[in-house]
Each structure stands twice: as structure tokens, then as C-alpha cells.
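Colleague: This is target13.csv (CSV, C-alpha atoms).
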```csv
chain,number,residue,atom,x,y,z
A,286,MET,CA,-1.5,60.9,65.8
A,287,ASP,CA,2.2,61.7,65.5
A,288,TYR,CA,4.5,59.9,67.9
A,289,GLU,CA,8.2,60.7,68.7
A,290,ASN,CA,9.3,57.5,70.5
A,291,ILE,CA,7.0,54.8,69.1
A,292,TYR,CA,5.4,53.8,65.8
A,293,ILE,CA,2.4,51.8,65.0
A,294,GLU,CA,1.9,49.4,62.1
A,295,GLU,CA,-1.6,48.0,61.2
A,296,GLU,CA,-2.4,45.0,59.0
A,297,SER,CA,-5.9,43.7,58.8
A,298,ASN,CA,-7.1,43.3,62.4
A,299,LEU,CA,-3.7,43.4,64.0
A,300,ALA,CA,-1.7,46.4,65.3
A,301,THR,CA,2.0,46.3,66.2
A,302,ILE,CA,3.4,49.0,68.5
A,303,THR,CA,7.2,49.4,68.4
A,304,ILE,CA,9.1,51.4,71.0
A,305,ASP,CA,11.7,53.3,69.0
A,306,ARG,CA,14.5,54.6,71.2
A,307,PRO,CA,17.3,52.3,70.1
A,308,LYS,CA,20.1,54.5,71.3
A,309,LYS,CA,18.6,54.3,74.8
A,310,LEU,CA,17.8,50.6,74.4
A,311,ASN,CA,14.2,51.7,74.2
A,312,ALA,CA,14.2,52.9,77.9
A,313,LEU,CA,10.9,54.2,79.1
A,314,ASN,CA,10.9,57.9,79.8
A,315,LYS,CA,7.9,60.0,80.7
A,316,ARG,CA,7.2,60.9,77.0
A,317,THR,CA,7.3,57.3,75.9
A,318,ILE,CA,4.9,56.2,78.7
A,319,GLU,CA,2.4,58.9,77.7
A,320,GLU,CA,2.7,58.0,74.0
A,321,LEU,CA,2.2,54.3,74.7
A,322,HIS,CA,-0.9,55.2,76.8
A,323,ASP,CA,-2.3,57.2,73.8
A,324,ALA,CA,-1.5,54.5,71.4
A,325,PHE,CA,-3.1,51.7,73.4
A,326,ASN,CA,-6.2,53.9,74.0
A,327,GLU,CA,-6.5,54.7,70.3
A,328,LEU,CA,-6.1,51.1,69.2
A,329,ASP,CA,-8.5,49.8,71.9
A,330,ALA,CA,-11.2,52.2,70.6
A,331,ASP,CA,-10.7,50.9,67.0
A,332,LYS,CA,-13.2,48.0,66.6
A,333,ASN,CA,-11.2,46.8,63.6
A,334,ILE,CA,-8.2,46.0,65.8
A,335,GLN,CA,-8.6,42.7,67.6
A,336,VAL,CA,-5.0,42.1,68.8
A,337,ILE,CA,-2.1,44.3,69.7
A,338,ILE,CA,1.6,43.2,69.7
A,339,ILE,CA,4.2,45.4,71.4
A,340,THR,CA,7.9,45.1,70.8
A,341,GLY,CA,11.1,47.1,70.8
A,342,SER,CA,13.1,48.4,67.9
A,343,GLY,CA,16.5,46.8,67.0
A,344,GLU,CA,17.8,43.5,68.1
A,345,LYS,CA,19.2,44.3,71.5
A,346,ALA,CA,16.3,45.3,73.7
A,347,PHE,CA,12.5,45.1,74.2
A,348,VAL,CA,12.8,47.8,76.9
A,349,ALA,CA,16.0,48.0,79.0
A,350,GLY,CA,14.4,49.8,81.9
A,351,ALA,CA,13.1,53.2,82.9
A,352,ASP,CA,15.1,56.3,82.1
A,353,ILE,CA,16.9,56.8,85.4
A,354,SER,CA,18.1,60.3,84.6
A,355,GLU,CA,14.5,61.5,84.8
A,356,PHE,CA,14.0,60.5,88.5
A,357,ALA,CA,17.5,60.3,90.1
A,358,HIS,CA,16.8,63.4,92.2
A,359,PHE,CA,13.2,62.8,93.1
A,360,SER,CA,11.8,63.2,96.6
A,361,VAL,CA,9.7,60.7,98.5
A,362,ALA,CA,6.5,62.4,97.3
A,363,ASP,CA,7.8,62.6,93.8
A,364,GLY,CA,8.7,58.9,93.7
A,365,GLY,CA,5.2,57.9,94.9
A,366,LYS,CA,3.6,60.1,92.2
A,367,LEU,CA,5.9,58.6,89.6
A,368,ALA,CA,4.8,55.0,90.4
A,369,ALA,CA,1.1,55.9,90.8
A,370,LYS,CA,0.9,57.8,87.5
A,371,GLY,CA,2.9,55.2,85.6
A,372,GLN,CA,0.7,52.4,86.8
A,373,GLU,CA,-2.4,54.3,86.0
A,374,LEU,CA,-1.3,55.5,82.6
A,375,LEU,CA,0.4,52.4,81.2
A,376,PHE,CA,0.9,49.3,83.3
A,377,ASP,CA,-2.6,48.8,84.8
A,378,PHE,CA,-4.1,50.3,81.7
A,379,VAL,CA,-2.5,47.6,79.5
A,380,ALA,CA,-3.3,44.8,81.9
A,381,ASN,CA,-7.0,45.8,81.9
A,382,LEU,CA,-7.3,46.6,78.2
A,383,SER,CA,-10.2,44.9,76.5
A,384,THR,CA,-8.0,44.2,73.4
A,385,PRO,CA,-5.5,41.3,73.9
A,386,VAL,CA,-1.9,42.5,74.1
A,387,ILE,CA,1.1,40.2,73.3
A,388,ALA,CA,4.6,41.2,74.3
A,389,ALA,CA,7.2,40.2,71.7
A,390,VAL,CA,10.3,40.3,74.0
A,391,ASN,CA,13.3,40.8,71.6
A,392,GLY,CA,16.3,41.2,73.9
A,393,PHE,CA,16.7,42.9,77.3
A,394,ALA,CA,13.5,43.4,79.3
A,395,LEU,CA,14.7,44.9,82.5
A,396,GLY,CA,13.0,46.9,85.3
A,397,GLY,CA,10.2,48.9,83.7
A,398,GLY,CA,10.6,46.8,80.5
A,399,LEU,CA,9.9,43.6,82.3
A,400,GLU,CA,7.0,45.3,84.1
A,401,LEU,CA,5.6,46.3,80.8
A,402,ALA,CA,5.9,42.8,79.4
A,403,MET,CA,4.3,41.4,82.5
A,404,ALA,CA,1.4,43.8,82.2
A,405,CYS,CA,0.7,42.4,78.7
A,406,HIS,CA,-1.7,39.4,78.6
A,407,PHE,CA,1.1,37.0,77.7
A,408,ARG,CA,4.7,37.1,76.4
A,409,VAL,CA,6.8,35.5,73.7
A,410,ALA,CA,10.6,35.8,73.8
A,411,SER,CA,13.5,35.4,71.4
A,412,TYR,CA,16.4,33.3,72.5
A,413,ASN,CA,18.6,36.4,73.2
A,414,ALA,CA,16.1,37.8,75.6
A,415,LYS,CA,17.2,38.5,79.2
A,416,MET,CA,14.7,39.4,81.8
A,417,GLY,CA,15.1,40.9,85.3
A,418,LEU,CA,14.1,43.5,87.9
A,419,PRO,CA,17.5,45.2,88.9
A,420,GLU,CA,15.9,48.0,90.9
A,421,VAL,CA,17.3,47.1,94.3
A,422,SER,CA,20.8,47.6,92.9
A,423,LEU,CA,19.8,51.2,92.5
A,424,GLY,CA,18.4,51.5,96.1
A,425,VAL,CA,14.8,51.3,95.0
A,426,ILE,CA,12.2,48.6,94.3
A,427,PRO,CA,10.1,47.9,91.2
A,428,GLY,CA,7.3,50.5,91.2
A,429,TYR,CA,5.3,49.7,88.1
A,430,GLY,CA,3.7,46.6,89.4
A,431,GLY,CA,6.7,44.3,89.3
A,432,THR,CA,6.4,43.2,93.0
A,433,GLN,CA,2.9,42.0,92.3
A,434,ARG,CA,2.9,40.6,88.8
A,435,LEU,CA,6.2,38.7,89.0
A,436,PRO,CA,5.0,36.5,91.9
A,437,GLN,CA,1.7,35.9,90.2
A,438,LEU,CA,3.6,34.6,87.1
A,439,VAL,CA,6.6,32.7,88.6
A,440,GLY,CA,5.7,32.1,92.2
A,441,LYS,CA,6.7,33.9,95.4
A,442,GLY,CA,10.1,32.2,96.0
A,443,ARG,CA,11.4,32.7,92.4
A,444,ALA,CA,10.1,36.3,92.4
A,445,MET,CA,11.8,37.1,95.7
A,446,GLU,CA,15.1,35.6,94.4
A,447,MET,CA,14.9,37.6,91.1
A,448,ILE,CA,14.0,40.9,92.9
A,449,MET,CA,16.5,40.5,95.8
A,450,THR,CA,19.5,39.4,93.6
A,451,ALA,CA,18.7,42.0,90.9
A,452,GLY,CA,19.8,39.3,88.5
A,453,MET,CA,18.7,38.5,84.9
A,454,VAL,CA,17.2,35.2,83.8
A,455,SER,CA,17.7,33.7,80.3
A,456,ALA,CA,14.8,33.2,77.9
A,457,GLU,CA,15.0,29.5,78.5
A,458,LYS,CA,14.7,30.0,82.3
A,459,ALA,CA,11.9,32.4,81.8
A,460,LEU,CA,10.1,29.7,79.8
A,461,ASP,CA,10.7,27.2,82.6
A,462,TYR,CA,9.4,29.7,85.2
A,463,GLY,CA,6.2,30.4,83.2
A,464,LEU,CA,7.2,34.0,82.7
A,465,VAL,CA,7.0,33.6,78.9
A,466,ASN,CA,4.8,31.2,76.8
A,467,TYR,CA,7.3,30.5,74.0
A,468,VAL,CA,10.9,31.0,73.1
A,469,VAL,CA,11.9,31.2,69.4
A,470,GLU,CA,14.7,32.5,67.2
A,471,GLN,CA,14.6,36.3,66.8
A,472,GLU,CA,13.5,36.2,63.2
A,473,GLU,CA,10.6,33.9,64.2
A,474,LEU,CA,9.5,36.1,67.1
A,475,VAL,CA,7.0,38.5,65.4
A,476,PRO,CA,5.7,35.9,63.0
A,477,LEU,CA,4.8,33.6,65.9
A,478,CYS,CA,3.1,36.5,67.7
A,479,GLN,CA,1.2,37.2,64.4
A,480,LYS,CA,0.2,33.6,64.1
A,481,LEU,CA,-1.1,33.6,67.7
A,482,ALA,CA,-2.9,36.9,67.0
A,483,GLY,CA,-4.6,35.2,64.0
A,484,LYS,CA,-5.9,32.4,66.2
A,485,ILE,CA,-7.2,34.9,68.8
A,486,SER,CA,-8.9,37.0,66.1
A,487,ASN,CA,-10.9,34.0,64.9
A,488,ASN,CA,-12.8,34.2,68.2
A,489,SER,CA,-15.4,36.6,69.7
A,490,PRO,CA,-13.7,39.9,70.6
A,491,VAL,CA,-16.6,40.6,73.1
A,492,ALA,CA,-16.1,37.2,74.8
A,493,ILE,CA,-12.3,37.7,74.9
A,494,SER,CA,-12.7,41.1,76.6
A,495,GLN,CA,-14.9,39.5,79.2
A,496,ALA,CA,-12.4,36.7,79.7
A,497,ILE,CA,-9.6,39.3,80.3
A,498,LYS,CA,-11.8,41.0,82.9
A,499,ALA,CA,-12.7,37.7,84.7
A,500,VAL,CA,-9.1,36.4,84.7
A,501,ASN,CA,-7.7,39.7,86.1
A,502,ALA,CA,-10.4,39.7,88.8
A,503,GLY,CA,-8.9,36.5,90.2
A,504,TYR,CA,-5.6,38.4,90.9
A,505,SER,CA,-7.3,41.5,92.5
A,506,TYR,CA,-7.2,41.7,96.3
A,507,ASP,CA,-10.6,43.4,96.5
A,508,THR,CA,-12.6,41.5,93.8
A,509,ASN,CA,-14.3,38.1,93.8
A,510,GLY,CA,-13.0,36.4,90.7
A,511,TYR,CA,-15.7,33.8,90.6
A,512,ALA,CA,-18.5,36.4,91.0
A,513,THR,CA,-16.9,38.4,88.2
A,514,GLU,CA,-16.8,35.3,86.0
A,515,ILE,CA,-20.5,34.6,86.6
A,516,GLU,CA,-21.4,38.2,85.8
A,517,ALA,CA,-19.2,38.2,82.6
A,518,PHE,CA,-20.6,34.8,81.5
A,519,GLY,CA,-24.1,36.1,81.8
A,520,ALA,CA,-23.3,39.3,80.0
A,521,CYS,CA,-22.1,37.3,77.0
A,522,PHE,CA,-25.6,35.9,76.5
A,523,GLY,CA,-26.8,39.4,75.6
A,524,THR,CA,-24.4,39.9,72.7
A,525,ASN,CA,-24.6,39.6,69.0
A,526,ASP,CA,-21.3,37.6,69.2
A,527,PHE,CA,-23.1,34.9,71.3
A,528,LYS,CA,-26.0,34.7,68.9
A,529,GLU,CA,-23.6,34.4,65.9
A,530,GLY,CA,-21.3,31.9,67.7
A,531,THR,CA,-24.1,29.5,68.8
A,532,THR,CA,-26.0,29.8,65.5
A,533,ALA,CA,-22.8,29.1,63.5
A,534,PHE,CA,-22.1,26.0,65.7
A,535,LEU,CA,-25.6,24.6,65.2
A,536,GLU,CA,-25.4,25.4,61.4
A,537,LYS,CA,-22.0,23.7,61.2
A,538,ARG,CA,-20.3,26.8,59.7
A,539,LYS,CA,-17.5,29.1,60.7
A,540,ALA,CA,-18.6,32.0,62.9
A,541,ASP,CA,-18.3,35.6,61.6
A,542,PHE,CA,-18.4,37.6,64.8
A,543,PRO,CA,-19.7,41.1,64.6
A,544,GLY,CA,-17.8,42.2,67.7
A,545,SER,CA,-20.8,43.5,69.7
```
Rewrite the structure of this file - the entire thing - as C-alpha cells.
Modeller:
Amino acid sequence: MDYENIYIEEESNLATITIDRPKKLNALNKRTIEELHDAFNELDADKNIQVIIITGSGEKAFVAGADISEFAHFSVADGGKLAAKGQELLFDFVANLSTPVIAAVNGFALGGGLELAMACHFRVASYNAKMGLPEVSLGVIPGYGGTQRLPQLVGKGRAMEMIMTAGMVSAEKALDYGLVNYVVEQEELVPLCQKLAGKISNNSPVAISQAIKAVNAGYSYDTNGYATEIEAFGACFGTNDFKEGTTAFLEKRKADFPGS
């Protein structure tokens, strides 16, 4: 598939999606959100791809926000539809993807950019990264899941402060808050993500997809996370990955997971 605002690189069982709008600091417009949805959907369906990394082109920004020019004149109804469609197409879609997604935050991750990073399963940042939700400075609030995912990651008080001040936090503070897992020099950012992806791909992709489902259930208002875990745990016993993993352990060899 041909994309205008993103590109995909694949190596072995790893895919890297790069948002490529450097003149706009990789801001998310409608077209980019749709392209990202298609890319994640395509890669998730590819059984050879076990981990996805997402990053931004250039050295200044991961994603510096949403493209404000597209919605500056929206009505109340239009605004609601914008948030609902965006969450469905991209942010919730990524959060619930069965393939693990790592955000490589290489610069500004603001507004929709931070919301995209938070939708990923975890985040790694470079030292020049700056993160924030500046929406209230525009007379609006985060609409792509930011008011929900930020408190889950950093706690209610810190999230309230970040949202209400519209300020940015440094990569080091984001690490202290638990918003990112690691902070490294920019040239080490993608290599570290690749190293982590390699560790993930040593394990059962079926079990990992069930783990994502179970962890996410614990943050859902209408789902019993413990019940979901029990169901997902049981489901693993019916898979070829479980047979291979347990057999390999008993035979004292490295497992070669079939992914089914």
C-alpha cells in the first residue's frame, strides 16, 4: 500500500512506522490518522511481524500535536465526531492491537502526539523529548484519550497538573513520572527499541496478545480484569505456542513458537 504521510520499514519480525511530515513537525491530520490505521491493521494481520515501533521523522518531533487548521471551525457535533472517530480509528485501535507497539519518542510529543504515544504499549524517549497536553490553552481538552490514559500512567494529581497548566515535561521528568520506560541519547533511541523488540519476539506472540488483552481489561470501566485474565490464561492452554513452550522447557531447549 502506498502512503503519503508515513512509511514502513520491515526487518525480520520487526516493523517500524515513521510519521513523515517534518515540515509540520509530524502533526496528525485526518489523512495521517487514516494511514496509520491502515498501516497498523496491515502489520497486525502479518503473522511474520511480532513487534511494531512507531516514531517521527527528523530530530525535532515525534508528533507535535493534531493539525489544528483542520478543526478550528468545527461545531459541537463536529468536535464530538472528530474525537470518536479518531479514538476508534487509531488511539483505541493501537491500544488494543494484538501486536506489541513501542513508541520511540524522538522530540516533541504534544497533544495528539502524546496521546498516540500513550496508546502504545510502552514508550522510550530521547533526552530531547518534551511531552505535554496543551489543549486547554486552545480552549479545548484532550480528545484522543489523553484525560484517561495520562492519569493511568502518571497518577491523577500529576495528570491534572499537566493538563491544567498545558505545560511540557522533560524526558527525565517523564521517566520519573513513569510516562516513559527509558531515556537515551537520540542516536540510541531506535536501537534500544529494536533491542527490546528482539527480547519480546523471543516469546510467544499468542501469549503476548492475550497479556495485552488482560492488562488492558484492568483499565476498562466495564470489564473485570481478573475474569479476563482467567479466560485468557485458560485460552493459552489450547494453543500450539503453549505446547511448544512447555515441551521446550522440559526438554531444556529454546522454544520455537509457531505463533498459533
Colleague: Between atom CA of A:Met453 and atom CA of A:Ala349, what is the distance in Å, rounded to a tenth?
Modeller: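 Interatomic distance here is 11.5 Å.
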Colleague: Please, what distance in Å, to one decimal, runs between atom CA of A:Lys345 and atom CA of A:Asn466?
Modeller: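 According to the coordinates, atom CA of A:Lys345 and atom CA of A:Asn466 are separated by 20.2 Å.
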Colleague: For A:Met449, please output as an NGL selection string all residues within 12 Å (counting all atoms listed in the file; exclusion window: fewer than 5 positions along the same chain).
Modeller: :A and (417-427 or 432 or 441-444)
Colleague: Do you have the atom CA of A:Asp287-atom CA of A:Ala388 distance handy?
Modeller: 22.4 Å
Colleague: Could you please give me, as a PDB file with C-alpha atoms, in the frame of the given file, the residues of protein, DNA or RNA lying at most 7 Å from (16.9, 43.6, 74.5) in the coordinate frame of the file, considering all atoms listed in the file?
Modeller:
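File produced: point.pdb:
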```pdb
ATOM      1  CA  GLU A 344      17.800  43.500  68.100  1.00  0.00           C
ATOM      2  CA  LYS A 345      19.200  44.300  71.500  1.00  0.00           C
ATOM      3  CA  ALA A 346      16.300  45.300  73.700  1.00  0.00           C
ATOM      4  CA  PHE A 347      12.500  45.100  74.200  1.00  0.00           C
ATOM      5  CA  VAL A 348      12.800  47.800  76.900  1.00  0.00           C
ATOM      6  CA  ALA A 349      16.000  48.000  79.000  1.00  0.00           C
ATOM      7  CA  ASN A 391      13.300  40.800  71.600  1.00  0.00           C
ATOM      8  CA  GLY A 392      16.300  41.200  73.900  1.00  0.00           C
ATOM      9  CA  PHE A 393      16.700  42.900  77.300  1.00  0.00           C
ATOM     10  CA  ALA A 394      13.500  43.400  79.300  1.00  0.00           C
ATOM     11  CA  ALA A 414      16.100  37.800  75.600  1.00  0.00           C
ATOM     12  CA  LYS A 415      17.200  38.500  79.200  1.00  0.00           C
TER      13      LYS A 415
END
```
Colleague: Pick from A:Thr524, A:Gln437, A:Gln335, A:Gln372: nearest to A:His322, with all atoms listed in the file counted?
Modeller: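 Among A:Thr524, A:Gln437, A:Gln335, A:Gln372, it is A:Gln372 that comes nearest to A:His322.
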Colleague: Restricting the calculation to all atoms listed in the file, which member of A:Gly343, A:Gly396, A:Gly483, A:Pro476 is positioned closest to A:Met447?
Modeller: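 Looking at the shortest contact to A:Met447, the residue is A:Gly396.
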Colleague: Check the smallest atom-to-atom distance from each of A:Ala540, A:Leu313, A:Ala482, A:Met445 to A:Ala351 using all atoms listed in the file, then report the winner.
Modeller: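 Closest candidate: A:Leu313.
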Colleague: From the list A:Gly430, A:Gly350, A:Gly440, A:Gly397, which residue is nearest A:Ala369 when using all atoms listed in the file?
Modeller: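 Going through A:Gly430, A:Gly350, A:Gly440, A:Gly397 one by one, the smallest distance to A:Ala369 is for A:Gly430.
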Colleague: What's the 10 Å shell around A:Leu374, counting only C-alpha atoms, without same-chain residues fewer than 6 positions away, as a list in words?
Modeller: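 The contact residues come out as Ile318, Glu319, Glu320, Leu321, His322, Asp323 and Ala368 of chain A.
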Colleague: Determine, counting all atoms listed in the file, which protein, DNA and RNA residues have an atom within 12 Å of an atom of A:Met403; residues of the same chain fewer than 5 positions away are not included. Present the result as a PyMOL selection string.
Modeller: chain A and resi 339+375-377+379-380+386-390+394-398+408-409+416-418+429-439+459+463-466
Colleague: Leaving out A:Tyr511 and any residue of its chain fewer than 2 positions from it, which residues lie within 12 Å of it when counting all atoms listed in the file, given as a PyMOL selection string?
Modeller: chain A and resi 496+498-505+508-509+513-518
Colleague: Given 8 Å of margin on each side, can you work out the centre and size in Å (one decimal) of an axis-aligned box holding every listed atom of stretch 300-318 of chain A, as JSON?
Modeller:
```
{"center_x": 9.2, "center_y": 53.6, "center_z": 73.0, "size_x": 37.8, "size_y": 30.6, "size_z": 31.4}
```
